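Enquirer: Next comes the structure file work_16.tsv, holding TSV, C-alpha atoms and all ligand atoms.
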```tsv
chain	number	residue	atom	x	y	z
A	1181	MET	CA	-22.83	-21.43	-15.48
A	1182	LEU	CA	-23.20	-20.02	-12.00
A	1183	LEU	CA	-19.74	-19.72	-10.46
A	1184	ASN	CA	-20.31	-21.19	-7.02
A	1185	LEU	CA	-17.14	-21.81	-5.04
A	1186	THR	CA	-16.16	-25.33	-4.03
A	1187	PRO	CA	-15.43	-25.71	-0.28
A	1188	GLY	CA	-11.72	-26.02	-1.15
A	1189	LEU	CA	-11.68	-22.72	-3.03
A	1190	THR	CA	-13.65	-20.97	-0.31
A	1191	GLU	CA	-11.15	-22.19	2.26
A	1192	GLU	CA	-8.11	-21.17	0.23
A	1193	LEU	CA	-9.42	-17.72	-0.54
A	1194	GLY	CA	-10.17	-17.30	3.17
A	1195	ILE	CA	-6.55	-18.22	3.98
A	1196	LEU	CA	-5.24	-15.84	1.31
A	1197	TYR	CA	-7.38	-13.02	2.69
A	1198	GLU	CA	-6.01	-13.71	6.18
A	1199	ASP	CA	-2.46	-13.54	4.80
A	1200	MET	CA	-3.30	-10.19	3.19
A	1201	GLU	CA	-4.51	-8.93	6.54
A	1202	LYS	CA	-1.31	-10.09	8.26
A	1203	ALA	CA	0.87	-8.41	5.63
A	1204	TYR	CA	-1.16	-5.20	5.95
A	1205	ASP	CA	-1.12	-5.25	9.75
A	1206	ALA	CA	2.65	-5.80	9.89
A	1207	VAL	CA	3.28	-2.57	7.95
A	1208	ALA	CA	0.53	-0.67	9.78
A	1209	GLU	CA	2.07	-1.66	13.13
A	1210	VAL	CA	5.55	-0.44	12.21
A	1211	LEU	CA	4.12	2.90	11.08
A	1212	GLY	CA	1.54	3.18	13.86
A	1213	HIS	CA	-1.18	3.44	11.25
A	1214	GLY	CA	-4.87	2.87	11.95
A	1215	CYS	CA	-8.22	3.99	10.55
A	1216	ASP	CA	-9.84	5.04	13.85
A	1217	GLY	CA	-10.77	8.69	13.84
A	1218	CYS	CA	-10.00	9.13	10.14
A	1219	PRO	CA	-11.90	12.11	8.73
A	1220	ASP	CA	-12.16	10.30	5.39
A	1221	ASN	CA	-13.50	6.85	4.58
A	1222	CYS	CA	-12.02	4.91	1.67
A	1223	CYS	CA	-15.24	2.97	1.21
A	1224	ASP	CA	-16.44	5.75	-1.08
A	1225	SER	CA	-13.62	5.16	-3.60
A	1226	TYR	CA	-14.75	4.34	-7.13
A	1227	PHE	CA	-12.97	1.14	-8.12
A	1228	LEU	CA	-13.80	-1.31	-10.91
A	1229	HIS	CA	-11.13	-4.02	-10.99
A	1230	HIS	CA	-12.02	-7.24	-9.24
A	1231	THR	CA	-12.08	-10.99	-9.88
A	1232	TYR	CA	-14.81	-13.59	-10.28
A	1233	ILE	CA	-13.63	-15.52	-7.25
A	1234	GLU	CA	-13.90	-12.43	-5.03
A	1235	TRP	CA	-17.32	-11.71	-6.49
A	1236	ALA	CA	-18.48	-15.27	-5.71
A	1237	TYR	CA	-17.02	-15.05	-2.19
A	1238	LEU	CA	-18.72	-11.71	-1.61
A	1239	TRP	CA	-21.98	-13.40	-2.52
A	1240	GLU	CA	-21.36	-16.19	0.00
A	1241	GLY	CA	-21.53	-13.43	2.58
A	1242	VAL	CA	-24.61	-11.85	1.00
A	1243	ALA	CA	-26.43	-15.20	0.83
A	1244	ALA	CA	-25.83	-15.77	4.56
A	1245	LEU	CA	-27.52	-12.50	5.53
A	1246	PRO	CA	-31.05	-12.51	6.97
A	1247	ASP	CA	-33.57	-11.78	4.16
A	1248	LYS	CA	-34.37	-8.32	5.52
A	1249	ASP	CA	-30.71	-7.26	5.60
A	1250	ARG	CA	-30.04	-8.68	2.14
A	1251	GLU	CA	-33.00	-6.83	0.67
A	1252	ALA	CA	-31.87	-3.58	2.30
A	1253	LEU	CA	-28.33	-4.10	0.99
A	1254	LEU	CA	-29.52	-4.73	-2.57
A	1255	SER	CA	-31.74	-1.70	-2.43
A	1256	ARG	CA	-28.74	0.45	-1.35
A	1257	ALA	CA	-26.72	-1.10	-4.18
A	1258	LYS	CA	-29.38	-0.09	-6.73
A	1259	ALA	CA	-29.45	3.45	-5.37
A	1260	TYR	CA	-25.63	3.54	-5.57
A	1261	GLU	CA	-25.58	2.49	-9.23
A	1262	LEU	CA	-28.29	4.99	-10.20
A	1263	GLU	CA	-26.36	7.81	-8.55
A	1264	ALA	CA	-23.03	6.65	-10.02
A	1265	GLN	CA	-24.44	6.55	-13.55
A	1266	LYS	CA	-25.90	10.03	-13.06
A	1267	LEU	CA	-22.51	11.41	-12.01
A	1268	ILE	CA	-20.67	9.61	-14.80
A	1269	GLY	CA	-23.19	11.07	-17.26
A	1270	ARG	CA	-22.18	14.52	-15.99
A	1271	GLY	CA	-18.51	13.69	-16.52
A	1272	GLU	CA	-17.79	13.34	-12.79
A	1273	ARG	CA	-16.01	10.50	-11.02
A	1274	PRO	CA	-18.46	9.02	-8.49
A	1275	ARG	CA	-17.59	9.30	-4.83
A	1276	ILE	CA	-20.45	7.54	-3.11
A	1277	MET	CA	-20.36	5.40	0.03
A	1278	CYS	CA	-20.22	1.66	-0.76
A	1279	PRO	CA	-23.63	0.08	-0.16
A	1280	VAL	CA	-21.99	-2.55	2.08
A	1281	ASN	CA	-20.86	0.15	4.50
A	1282	GLN	CA	-23.25	0.75	7.35
A	1283	ASP	CA	-22.58	3.41	9.97
A	1284	GLY	CA	-18.94	3.61	8.90
A	1285	ARG	CA	-18.32	-0.15	9.14
A	1286	CYS	CA	-18.16	-2.91	6.53
A	1287	SER	CA	-21.20	-5.14	7.02
A	1288	LEU	CA	-19.55	-7.99	5.06
A	1289	TYR	CA	-16.12	-7.65	6.66
A	1290	LYS	CA	-15.08	-11.30	6.24
A	1291	HIS	CA	-16.16	-11.20	2.60
A	1292	ARG	CA	-14.76	-7.83	1.56
A	1293	LEU	CA	-12.57	-7.72	-1.52
A	1294	MET	CA	-8.83	-7.54	-2.04
A	1295	VAL	CA	-8.86	-3.81	-2.73
A	1296	CYS	CA	-10.51	-3.27	0.65
A	1297	ARG	CA	-7.71	-5.28	2.29
A	1298	THR	CA	-4.75	-3.61	0.63
A	1299	HIS	CA	-5.56	0.09	0.41
A	1300	GLY	CA	-4.02	2.25	3.11
A	1301	VAL	CA	-0.43	1.24	3.81
A	1302	PRO	CA	2.56	1.77	1.48
A	1303	ALA	CA	2.97	-1.20	-0.84
A	1304	SER	CA	5.06	-2.56	-3.67
A	1305	MET	CA	4.40	-4.95	-6.51
A	1306	THR	CA	6.31	-6.44	-9.43
A	1307	ARG	CA	4.23	-6.73	-12.59
A	1308	PRO	CA	4.50	-9.83	-14.81
A	1309	ASP	CA	6.63	-7.76	-17.25
A	1310	GLY	CA	9.11	-7.08	-14.43
A	1311	GLN	CA	8.10	-3.46	-13.84
A	1312	GLN	CA	8.22	-2.49	-10.17
A	1313	LEU	CA	5.32	-0.47	-8.82
A	1314	ARG	CA	5.16	1.43	-5.55
A	1315	PHE	CA	2.06	2.70	-3.82
A	1316	PRO	CA	2.44	5.44	-1.22
A	1317	GLY	CA	-0.61	4.47	0.86
A	1318	CYS	CA	-3.52	6.69	1.83
A	1319	PHE	CA	-3.11	10.38	2.70
A	1320	ARG	CA	-2.97	9.57	6.40
A	1321	CYS	CA	-0.23	7.00	5.97
A	1322	GLN	CA	1.73	9.40	3.76
A	1323	ASP	CA	1.51	11.98	6.56
A	1324	LEU	CA	2.81	9.38	9.02
A	1325	VAL	CA	5.75	8.49	6.77
A	1326	GLU	CA	6.57	12.16	6.31
A	1327	GLY	CA	6.22	12.88	10.03
A	1328	GLN	CA	8.64	10.09	10.86
A	1329	GLY	CA	11.18	11.49	8.39
A	1330	LEU	CA	11.65	8.10	6.73
A	1331	ALA	CA	13.94	7.91	3.72
A	1332	GLU	CA	12.58	6.12	0.63
A	1333	ASN	CA	14.46	2.90	1.46
A	1334	GLU	CA	13.29	2.94	5.10
A	1335	ILE	CA	9.56	2.97	4.37
A	1336	PRO	CA	8.02	-0.41	5.25
A	1337	LEU	CA	6.08	-1.88	2.33
A	1338	MET	CA	3.31	-4.41	1.97
A	1339	GLU	CA	4.58	-6.70	-0.78
A	1340	ARG	CA	1.60	-7.50	-2.97
A	1341	THR	CA	3.20	-9.61	-5.72
A	1342	ASP	CA	2.85	-13.12	-4.20
A	1343	LEU	CA	-0.57	-12.33	-2.79
A	1344	LEU	CA	-1.80	-11.30	-6.22
A	1345	LYS	CA	-0.24	-14.35	-7.85
A	1346	ARG	CA	-2.11	-16.59	-5.41
A	1347	LEU	CA	-5.36	-14.78	-6.19
A	1348	VAL	CA	-4.78	-15.25	-9.91
A	1349	LEU	CA	-4.15	-18.99	-9.41
A	1350	LEU	CA	-7.41	-19.38	-7.50
A	1351	GLU	CA	-9.25	-17.37	-10.17
A	1352	HIS	CA	-7.73	-19.63	-12.81
A	1353	GLU	CA	-8.95	-22.70	-10.96
A	1354	LEU	CA	-12.47	-21.31	-10.54
A	1355	LEU	CA	-12.62	-20.57	-14.26
A	1356	SER	CA	-11.34	-24.03	-15.16
A	1357	GLY	CA	-8.28	-22.61	-16.89
A	1358	LYS	CA	-10.40	-20.37	-19.15
A	1359	ARG	CA	-9.54	-17.08	-17.50
A	1360	HIS	CA	-8.16	-15.76	-20.78
A	1361	LEU	CA	-11.53	-16.41	-22.48
A	1362	VAL	CA	-13.82	-14.52	-20.14
A	1363	PRO	CA	-14.29	-10.75	-19.83
A	1364	LYS	CA	-12.49	-9.01	-16.99
A	1365	VAL	CA	-14.63	-8.04	-14.02
A	1366	LYS	CA	-14.96	-4.30	-14.53
A	1367	ARG	CA	-17.72	-3.46	-12.10
A	1368	THR	CA	-18.41	-1.68	-8.87
A	1369	ILE	CA	-19.20	-3.69	-5.75
A	1370	ALA	CA	-22.76	-2.36	-6.10
A	1371	SER	CA	-22.99	-3.80	-9.59
A	1372	MET	CA	-21.73	-7.20	-8.35
A	1373	LEU	CA	-24.47	-7.13	-5.74
A	1374	ILE	CA	-27.26	-6.17	-8.13
A	1375	SER	CA	-26.24	-8.82	-10.68
A	1376	GLY	CA	-26.26	-11.71	-8.20
A	1377	PRO	CA	-23.43	-14.28	-8.00
A	1378	PRO	CA	-21.19	-14.40	-11.11
A	1379	ASP	CA	-22.64	-16.33	-14.02
A	1380	LEU	CA	-20.62	-17.30	-17.08
A	1381	PRO	CA	-22.79	-19.32	-19.49
A	1382	HIS	CA	-19.85	-20.36	-21.70
A	1383	CYS	CA	-17.62	-21.58	-18.84
A	1384	SER	CA	-19.20	-25.01	-18.44
A	1385	ASP	CA	-16.52	-27.19	-16.79
A	1386	ARG	CA	-16.37	-27.43	-13.02
A	1387	PRO	CA	-13.12	-26.97	-11.14
A	1388	THR	CA	-11.42	-30.25	-10.22
A	1389	ARG	CA	-11.05	-29.47	-6.50
A	1390	PRO	CA	-13.68	-31.13	-4.23
A	1401	LIG	S1	-7.08	3.63	4.88
A	1401	LIG	FE1	-6.42	5.73	5.35
A	1401	LIG	S2	-7.87	7.11	4.33
A	1401	LIG	FE2	-8.77	5.06	4.43
A	1401	LIG	S3	-10.03	5.06	6.27
A	1401	LIG	FE3	-8.02	4.23	6.83
A	1401	LIG	S4	-6.85	5.98	7.51
A	1401	LIG	FE4	-8.59	6.80	6.40
A	1402	LIG	S1	-16.91	-3.99	0.80
A	1402	LIG	FE1	-16.70	-3.22	2.88
A	1402	LIG	S2	-14.56	-2.54	3.10
A	1402	LIG	FE2	-15.00	-2.77	0.92
A	1402	LIG	S3	-15.61	-0.74	0.20
A	1402	LIG	FE3	-17.48	-1.83	0.76
A	1402	LIG	S4	-17.88	-1.33	2.91
A	1402	LIG	FE4	-15.76	-0.76	2.45
```
Could you rewrite the structure in this file as structure tokens?
Expert:
Amino acid sequence: MLLNLTPGLTEELGILYEDMEKAYDAVAEVLGHGCDGCPDNCCDSYFLHHTYIEWAYLWEGVAALPDKDREALLSRAKAYELEAQKLIGRGERPRIMCPVNQDGRCSLYKHRLMVCRTHGVPASMTRPDGQQLRFPGCFRCQDLVEGQGLAENEIPLMERTDLLKRLVLLEHELLSGKRHLVPKVKRTIASMLISGPPDLPHCSDRPTRP
């Protein structure tokens, strides 16, 4: 079954993504953090952990592109995967610019994934088993924190726990409560583009939301 989002799920994921942005911006503002002029670009990070709902939402953005742009994007995605597999075959971790990035900017900004919206600022999260995790943020943010001489308990943090829980609930709804039965999404963004919108043949019930 092709996992198309219902309008209700699209709307709620959009609201969740906005809330992620607000939480990120609040911490970035306190620290004076921004990406302008950064000598690095995180869009070349190799990351494989996503969700079906984000994949489907990404494809809503892809589907809305003019044909020419979509074809160019998919061709970049294929080139990305070929190069990534070559590097992996040599035992190297790929560091290749995301095919969605054009001239340093995300060409599907509204549809970018959670990882794209959370990386950068210091963050914290409580895992379901109660373990607390802390993320220091990107190298630039770590420099800022160090430069400001902040003690551990003074560092502002983006709290990810509730945001993640909301994402999991939406994922659960999209998968009609069968999240535990389907394989995890362990793919690059390029792979999600090449494969088309997510398709789970054995997940046949539709979500209840209109
Ligand atoms: S998040 Fe940090 S490393 Fe990434 S582009 Fe922004 S400033 Fe640079
Ligand atoms: S989807 Fe956009 S923000 Fe995310 S890695 Fe690709 S270009 Fe960067």
Enquirer: Which is closer to Leu1189 of chain A than all the others in A:Ile1233, A:Val1207, A:Leu1262, A:Ile1268, using only C-alpha atoms?
Expert: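 Using only C-alpha atoms, the shortest distance to Leu1189 of chain A belongs to A:Ile1233.
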Enquirer: Using all atoms listed in the file, which residues have at least one atom no more than 6 Å from ligand LIG 1402 (chain A)? Output them as number ranges by chain.
Expert: A: 1223, 1278, 1280-1281, 1286, 1288-1289, 1292, 1296
Enquirer: As lines of an AutoDock Vina configuration file, please: the centre and edge lengths in Å, to one decimal, of an axis-aligned box enclosing every listed atom of ligand LIG 1401 (chain A) with 4 Å added on each side.
Expert:
```
center_x = -8.2
center_y = 5.4
center_z = 5.9
size_x = 11.6
size_y = 11.5
size_z = 11.2
```
Enquirer: Can you pull out every residue within 12 Å of Gln1322 of chain A, counting all atoms listed in the file, but drop anything in the same chain fewer than 4 positions away, and send it as a list in words?
Expert: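 What passes the distance filter is Ala1208, Leu1211, Gly1212, His1213, Gly1300, Val1301, Pro1302, Ala1303, Phe1315, Pro1316, Gly1317, Cys1318, Glu1326, Gly1327, Gln1328, Gly1329, Leu1330, Glu1332, Ile1335 and Pro1336 of chain A.
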Enquirer: Work out how far apart atom CA of Ala1203 of chain A and atom CA of Arg1346 of chain A are and give it in Å to one decimal.
Expert: 14.1 Å
Enquirer: Taking (-26.5, -8.1, -5.1) in the coordinates of the supplied file, I want to know which residues reach to within 12 Å of it, counting only C-alpha atoms; could you give the answer as a ChimeraX atom specification?
Expert: /A:1235-1236,1238-1243,1245,1249-1261,1279-1280,1368-1378
Enquirer: Could you tell me, counting only C-alpha atoms and all ligand atoms, which protein and nucleic acid residues lie no more than 7 Å from ligand LIG 1401 (chain A), written as a PyMOL selection string?
Expert: chain A and resi 1214-1215+1218-1222+1299-1300+1318-1321
Enquirer: Could you state the separation of atom CA of Gln1312 of chain A and atom CA of Leu1337 of chain A in Å, given to one decimal place?
Expert: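 Taking atom CA of Gln1312 of chain A and atom CA of Leu1337 of chain A, their separation equals 12.7 Å.
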Enquirer: Please compute the atom CA of Gly1217 of chain A-atom CA of Ala1264 of chain A distance, one decimal, in Å.
Expert: 26.9 Å
Enquirer: Would you mind listing what lies within 9 Å of Lys1364 of chain A as a short mmCIF file (atom, residue, chain, number, x, y, z; two decimals) with C-alpha atoms, keeping the file's coordinate frame, with all atoms listed in the file counted and same-chain residues fewer than 6 positions away left out?
Expert:
```
data_model
loop_
_atom_site.label_atom_id
_atom_site.label_comp_id
_atom_site.auth_asym_id
_atom_site.auth_seq_id
_atom_site.Cartn_x
_atom_site.Cartn_y
_atom_site.Cartn_z
CA HIS A 1229 -11.13 -4.02 -10.99
CA HIS A 1230 -12.02 -7.24 -9.24
CA THR A 1231 -12.08 -10.99 -9.88
CA TYR A 1232 -14.81 -13.59 -10.28
#
```
